[in-house]
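This report concerns only the one structure given below.
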Amino acid sequence: MTSAAEAPVEEVDLLVRDAGLLVVDGEREIPGGWLTVTGGRVTGVGSPGTEPDARTTVSAAGRLVTPGLINTHHHIYQNLTRSYSPAVNGSLFDWLTTLYPLWAALDEEAAYVSAYVGMAELLMGGCTTSSDHLYVHPRPRLVDAEIRAARDIGFRFHATRGSMTRSVEDGGLPPRSVTQTDEEVLADSERLIQAHHDPEPGALVRVALAPCSPFSVTRELMTATAELAERHDVRLHTHLAEDHDEDTYCLETYGCRPVEYFEQTGWMSDRTWVAHCIYPNDDELRRLAAAGVGVAHCPSSNMLIGGGTARVKEMRELGLPVGIGCDGSASTDHASLWMETRGALLLGRYRGGPGAMTARDALDIATRGSARCLGRADELGHLRPGACADLVVWDLHQVALAGALSDPVEAWLRCGPARAWTTVVAGKVLVDRGEPVLPGLADALRTHGGIARRMQQG
């Protein structure tokens with residue numbers, strides 16, 4: 001009989017070793033650390049000199065290793081209209097109304113290649129899990145196309161089935177060409193959940209329901225979507241309190257402020273996370289916190305649109321889950337979660353002073369905070385044994401790091417730019433030596449270029 005001490009040790013799939021600093025989570029950091037992965041899960045972490053053997057070894061070569069960053073708000077298809085000159089200097093409502101007619105050309109091929117290219121960019125910026133808010137549906141099965149791209153890559157993806165039902169003829173902003181009826185939205189939402197949502201631990205694909213905003217769908221759809229999410233135990237997402245125009249619209253249309261309308265329609269729940277949340281008053285912020293509503297903080301989008309920014313420090317002190325989002329490419333024009341995390345650091349300090357935000361705070365928001373927003377704090381956003389094996393080895397040029405000797409985490413955001421040297425999702429290396437390991441990327445880029453030119457030239 002074999003004793004426990006003599007039992008054969010399961011062979012390790014992947015060993016990441018020789019980190020300058022391994023950040024396990026917000027409480028534990030290991031200088032010179034290593035971690036092991038088996039079956040897509042972290043199976044061990046440790047100090048230098050105790051590393052086990054493994055089938056594959058990745059040397060971090062003294063670089064910072066962190067959990068993968070998590071993107072809680074995006075509109076990936078908008079990378080087809082990046083920096084579109086007629087829209088770049090407008091307000092939120094200006095650029096929306098300018099771009100809606102272009103987005104009416106979106107089809108399955110465009111949704112697939114924009115997602116493929118967008119996920120490659122996210123991986124290069126250290127993102128290992130992303131949600132996406134696809135809310136224009138001029139043609140069917142666009143979300144299916146995005147999910148297919150995620151599966152082809154091996155990317156961890158939370159698809160949110162967005163919707164708009166109030167066209168300009170109904171008092172909304174979008175043209176009729178990109179809106180649907182309540183019945184069409186609800187039927188397709190249920191179909192997507194049944195076809196693609198994976199509730200199991202370690203899932204690569206999950207589905208959430210996401211009417212675009214209070215001013216783009218009916219009250220009936222907001223209420224019915226919350227009921228559908230409760231029935232199927234999926235999460236809810238929308239934009240909320242993003243712009244002063246939204247306050248005016250809700251008061252004129254619904255007779256109340258956006259957060260009160262949010263409550264009235266059944267959305268004040270811990271299954272909900274919202275984008276931006278810039279203009280709740282103090283009482284509304286406390287009510288959101290009490291309900292457990294999460295917030296996707298989008299620093300670059302806030303700065304480019306010039307419409308204010310979330311009170312992140314106060315939100316976190318109240319206990320709200322706060323994560324990072326890079327928002328749509330048409331307003332932000334990049335999909336680097338490193339840039340967004342740095343932006344959170346800068347905005348936090350600009351708003352609240354030097355003690356309001358540290359690099360570790362920003363990293364925590366982009367990892368554990370984002371995981372809480374997506375309802376996955378148990379297995380994402382940290383590298384404790386049992387976590388999903390989603391991690392990043394970061395690279396900063398030696399010139400950029402010259403003189404940064406005392407704190408690798410602060411240097412990671414204060415110096416720069418940083419890029420992902422190695423990105424691992426579910427134990428699979430998807431970025432190696434700074435380059436995506438994606439065989440379909442060249443073809444996707446060619447197709448993407450043709451579609452973007454046709455879309456922008458009309």
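We label chains A, B, ... in the order they appear in the structure tokens, count residues from 1 in each chain, and number ligands from 1 in the order shown.
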
Secondary structure check, helix (DSSP H, G or I) residues of range 267-360 of chain A, as an MDAnalysis selection string: chainID A and resid 282:291 299:305 312:318 329:332 337:352 359:360

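Here the residues within range 189-345 of chain A that DSSP labels strand (DSSP E or B) on the basis of the backbone are Val205, Arg206, Val207, Ala208, Leu209, Ala210, Pro211, Leu236, His237, Thr238, His239, Leu240, Thr272, Trp273, Val274, Ala275, His276, Gly294, Val295, Ala296, His297, Val322, Gly323, Ile324, Asp327 and Gly328 of chain A.
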
Write the residues you've just listed into a file as a short mmCIF file (atom, residue, chain, number, x, y, z; two decimals), in the first residue's frame, and include N, CA and C atoms for each of them.
data_model
loop_
_atom_site.label_atom_id
_atom_site.label_comp_id
_atom_site.auth_asym_id
_atom_site.auth_seq_id
_atom_site.Cartn_x
_atom_site.Cartn_y
_atom_site.Cartn_z
N VAL A 205 -17.46 30.95 -21.53
CA VAL A 205 -18.50 31.79 -22.13
C VAL A 205 -19.70 31.88 -21.20
N ARG A 206 -20.07 33.10 -20.87
CA ARG A 206 -21.32 33.35 -20.16
C ARG A 206 -22.09 34.45 -20.87
N VAL A 207 -23.39 34.49 -20.61
CA VAL A 207 -24.27 35.47 -21.25
C VAL A 207 -24.95 36.29 -20.17
N ALA A 208 -25.03 37.60 -20.38
CA ALA A 208 -25.79 38.51 -19.52
C ALA A 208 -26.74 39.31 -20.40
N LEU A 209 -27.71 39.95 -19.79
CA LEU A 209 -28.73 40.70 -20.52
C LEU A 209 -28.52 42.19 -20.28
N ALA A 210 -28.61 43.01 -21.35
CA ALA A 210 -28.09 44.37 -21.25
C ALA A 210 -28.81 45.38 -22.12
N PRO A 211 -30.08 45.74 -21.81
CA PRO A 211 -30.67 46.89 -22.50
C PRO A 211 -29.70 48.07 -22.45
N LEU A 236 -27.14 41.15 -15.14
CA LEU A 236 -27.74 42.28 -15.83
C LEU A 236 -26.72 43.40 -15.98
N HIS A 237 -26.78 44.12 -17.11
CA HIS A 237 -25.84 45.20 -17.36
C HIS A 237 -26.53 46.29 -18.16
N THR A 238 -26.18 47.55 -17.89
CA THR A 238 -26.66 48.68 -18.68
C THR A 238 -25.79 49.89 -18.38
N HIS A 239 -25.97 50.95 -19.16
CA HIS A 239 -25.40 52.25 -18.82
C HIS A 239 -26.31 52.93 -17.81
N LEU A 240 -25.73 53.65 -16.87
CA LEU A 240 -26.54 54.35 -15.88
C LEU A 240 -25.83 55.62 -15.42
N THR A 272 -26.59 42.88 -10.84
CA THR A 272 -26.46 43.97 -11.79
C THR A 272 -25.13 44.69 -11.66
N TRP A 273 -24.52 45.02 -12.80
CA TRP A 273 -23.43 46.00 -12.81
C TRP A 273 -23.69 46.99 -13.93
N VAL A 274 -23.29 48.24 -13.70
CA VAL A 274 -23.63 49.33 -14.62
C VAL A 274 -22.37 50.03 -15.08
N ALA A 275 -22.44 50.63 -16.26
CA ALA A 275 -21.31 51.36 -16.81
C ALA A 275 -21.38 52.84 -16.44
N HIS A 276 -20.25 53.38 -16.05
CA HIS A 276 -20.01 54.80 -15.82
C HIS A 276 -20.49 55.28 -14.46
N GLY A 294 -22.78 46.69 -9.01
CA GLY A 294 -21.40 46.96 -9.39
C GLY A 294 -21.29 48.08 -10.40
N VAL A 295 -20.11 48.67 -10.50
CA VAL A 295 -19.87 49.79 -11.41
C VAL A 295 -18.65 49.50 -12.27
N ALA A 296 -18.79 49.66 -13.58
CA ALA A 296 -17.68 49.59 -14.53
C ALA A 296 -17.15 51.00 -14.75
N HIS A 297 -15.97 51.28 -14.21
CA HIS A 297 -15.33 52.59 -14.32
C HIS A 297 -14.52 52.63 -15.61
N VAL A 322 -16.34 47.79 -7.78
CA VAL A 322 -15.93 48.70 -8.85
C VAL A 322 -14.88 48.00 -9.69
N GLY A 323 -15.14 47.89 -10.99
CA GLY A 323 -14.20 47.29 -11.92
C GLY A 323 -13.79 48.28 -12.99
N ILE A 324 -12.97 47.83 -13.92
CA ILE A 324 -12.46 48.66 -15.00
C ILE A 324 -13.12 48.27 -16.32
N ASP A 327 -14.62 50.59 -22.52
CA ASP A 327 -15.71 51.22 -23.29
C ASP A 327 -15.49 51.02 -24.78
N GLY A 328 -16.30 51.68 -25.56
CA GLY A 328 -16.29 51.43 -27.00
C GLY A 328 -15.13 52.08 -27.70
#

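Note that the spacing between CA of Pro201 in chain A and CA of Asp53 in chain A amounts to 27.0 Å.
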
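Residues in contact with Leu374 in chain A at 8 Å, where only C-alpha atoms are counted and same-chain residues fewer than 2 positions away are skipped, are listed as Thr72, Arg235, Trp273, Ser370, Ala371, Arg372, Arg376 and Ala377 of chain A.
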
Output N, CA, C and O atoms for every residue in that selection, as a PDB file, in the first residue's frame.
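Here's the written file out.pdb:
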ATOM      1  N   THR A  72     -14.850  45.099 -17.790  1.00  0.00           N
ATOM      2  CA  THR A  72     -16.258  44.972 -17.423  1.00  0.00           C
ATOM      3  C   THR A  72     -17.198  45.781 -18.301  1.00  0.00           C
ATOM      4  O   THR A  72     -18.420  45.749 -18.087  1.00  0.00           O
ATOM      5  N   ARG A 235     -26.691  37.516 -15.253  1.00  0.00           N
ATOM      6  CA  ARG A 235     -26.445  38.866 -14.760  1.00  0.00           C
ATOM      7  C   ARG A 235     -27.057  39.917 -15.679  1.00  0.00           C
ATOM      8  O   ARG A 235     -27.438  39.628 -16.826  1.00  0.00           O
ATOM      9  N   TRP A 273     -24.520  45.017 -12.805  1.00  0.00           N
ATOM     10  CA  TRP A 273     -23.434  45.996 -12.806  1.00  0.00           C
ATOM     11  C   TRP A 273     -23.692  46.994 -13.929  1.00  0.00           C
ATOM     12  O   TRP A 273     -24.315  46.659 -14.930  1.00  0.00           O
ATOM     13  N   SER A 370     -13.219  43.955 -10.728  1.00  0.00           N
ATOM     14  CA  SER A 370     -13.901  43.560 -11.957  1.00  0.00           C
ATOM     15  C   SER A 370     -14.528  42.176 -11.833  1.00  0.00           C
ATOM     16  O   SER A 370     -15.631  41.930 -12.327  1.00  0.00           O
ATOM     17  N   ALA A 371     -13.811  41.249 -11.181  1.00  0.00           N
ATOM     18  CA  ALA A 371     -14.360  39.898 -10.990  1.00  0.00           C
ATOM     19  C   ALA A 371     -15.643  39.944 -10.173  1.00  0.00           C
ATOM     20  O   ALA A 371     -16.609  39.208 -10.443  1.00  0.00           O
ATOM     21  N   ARG A 372     -15.705  40.818  -9.157  1.00  0.00           N
ATOM     22  CA  ARG A 372     -16.939  40.972  -8.383  1.00  0.00           C
ATOM     23  C   ARG A 372     -18.074  41.481  -9.266  1.00  0.00           C
ATOM     24  O   ARG A 372     -19.221  41.027  -9.147  1.00  0.00           O
ATOM     25  N   ARG A 376     -17.782  36.686 -10.288  1.00  0.00           N
ATOM     26  CA  ARG A 376     -16.827  35.581 -10.351  1.00  0.00           C
ATOM     27  C   ARG A 376     -15.624  35.808  -9.428  1.00  0.00           C
ATOM     28  O   ARG A 376     -14.503  35.412  -9.727  1.00  0.00           O
ATOM     29  N   ALA A 377     -15.880  36.446  -8.297  1.00  0.00           N
ATOM     30  CA  ALA A 377     -14.793  36.758  -7.373  1.00  0.00           C
ATOM     31  C   ALA A 377     -14.127  35.514  -6.813  1.00  0.00           C
ATOM     32  O   ALA A 377     -12.980  35.562  -6.357  1.00  0.00           O
TER      33      ALA A 377
END

Neighbour list for Leu92 in chain A as an MDAnalysis selection string, cut-off 12 Å, only C-alpha atoms, skip fewer than 6 positions in-chain: chainID A and resid 98:99 173 242:246 301:308 328 330:332

Neighbour list for Ala195 in chain A as a count of residues only, cut-off 12 Å, only C-alpha atoms, skip fewer than 4 positions in-chain: 13

Contacts of Ala150 in chain A at 9 Å (only C-alpha atoms; same-chain gap of 6+ positions) as a list in words: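 After dropping sequence-adjacent residues, the list is Ala115, Tyr116, Met119, Arg156, Phe157, Leu204 and Val205 of chain A.
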
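The shell of residues at most 9 Å from Tyr254 in chain A, with only C-alpha atoms counted and near chain neighbours (fewer than 5 positions) removed, consists of Arg219, Tyr249 and Tyr261 of chain A.
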
Go ahead and save the picked residues with C-alpha atoms, as a CSV table (one decimal), in the first residue's frame.
chain,number,residue,atom,x,y,z
A,219,ARG,CA,-40.0,50.6,-19.4
A,249,TYR,CA,-34.4,62.8,-20.3
A,261,TYR,CA,-36.2,54.6,-12.6

Selected residue, from A:Leu102, A:Val393, A:Val437, A:Leu346, that lies nearest to Leu64 in chain A when counting only C-alpha atoms: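 Residue with the minimum atom-to-atom distance to Leu64 in chain A: A:Val393.
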
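Distances from A:Leu405, A:Leu438, A:Ile365, A:Ala187 to Asp25 in chain A were compared using only C-alpha atoms, and the smallest one belongs to A:Ile365.
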
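Relative to CA of Asp270 in chain A, CA of Arg28 in chain A is found at 27.5 Å.
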
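Proximity of A:Leu14, A:Leu445, A:Ala335, A:Leu285 to Met124 in chain A, computed with only C-alpha atoms, is greatest for A:Ala335.
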
Selected residue of minimal separation from Leu380 in chain A among A:Val431, A:Ala426, A:Ala87, A:Leu320, counting only C-alpha atoms: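 Ranking A:Val431, A:Ala426, A:Ala87, A:Leu320 by distance to Leu380 in chain A, first place goes to A:Ala426.
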
Counting only C-alpha atoms, the option among A:Gly68, A:Pro280, A:Gly348, A:Gly162 closest to Ala241 in chain A: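 Of the candidates, the smallest distance to Ala241 in chain A is held by A:Pro280.
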
Taking only residues of range 59-113 of chain A that have an atom at most 9 Å from an atom of range 125-136 of chain A, what is each one's shortest atom pair and its distance in Å to one decimal, using only C-alpha atoms, in chain and number order, as CSV?
residue,atom,partner,partner_atom,distance
A:Pro67,CA,A:Thr128,CA,8.7
A:Gly68,CA,A:Thr128,CA,5.1
A:Leu69,CA,A:Cys127,CA,4.5
A:Ile70,CA,A:Thr129,CA,4.9
A:Asn71,CA,A:Ser130,CA,4.5
A:Thr72,CA,A:Ser131,CA,5.4
A:His73,CA,A:Ser131,CA,5.9
A:His74,CA,A:Asp132,CA,4.8
A:His75,CA,A:His133,CA,5.2
A:Ile76,CA,A:Asp132,CA,6.4
A:Tyr77,CA,A:Leu134,CA,7.4
A:Tyr100,CA,A:Val136,CA,8.3
A:Trp103,CA,A:Val136,CA,7.3
A:Ala104,CA,A:Val136,CA,7.5
A:Leu106,CA,A:Val136,CA,8.2

Separation of CA of Leu413 in chain A from CA of Trp338 in chain A in Å: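 The value is 7.9 Å.
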
Residue nearest Arg384 in chain A among A:Gly39, A:Gly46, A:Pro31, A:Gly172 (counting only C-alpha atoms):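 Once distances to Arg384 in chain A are computed over only C-alpha atoms, the minimum belongs to A:Gly46.
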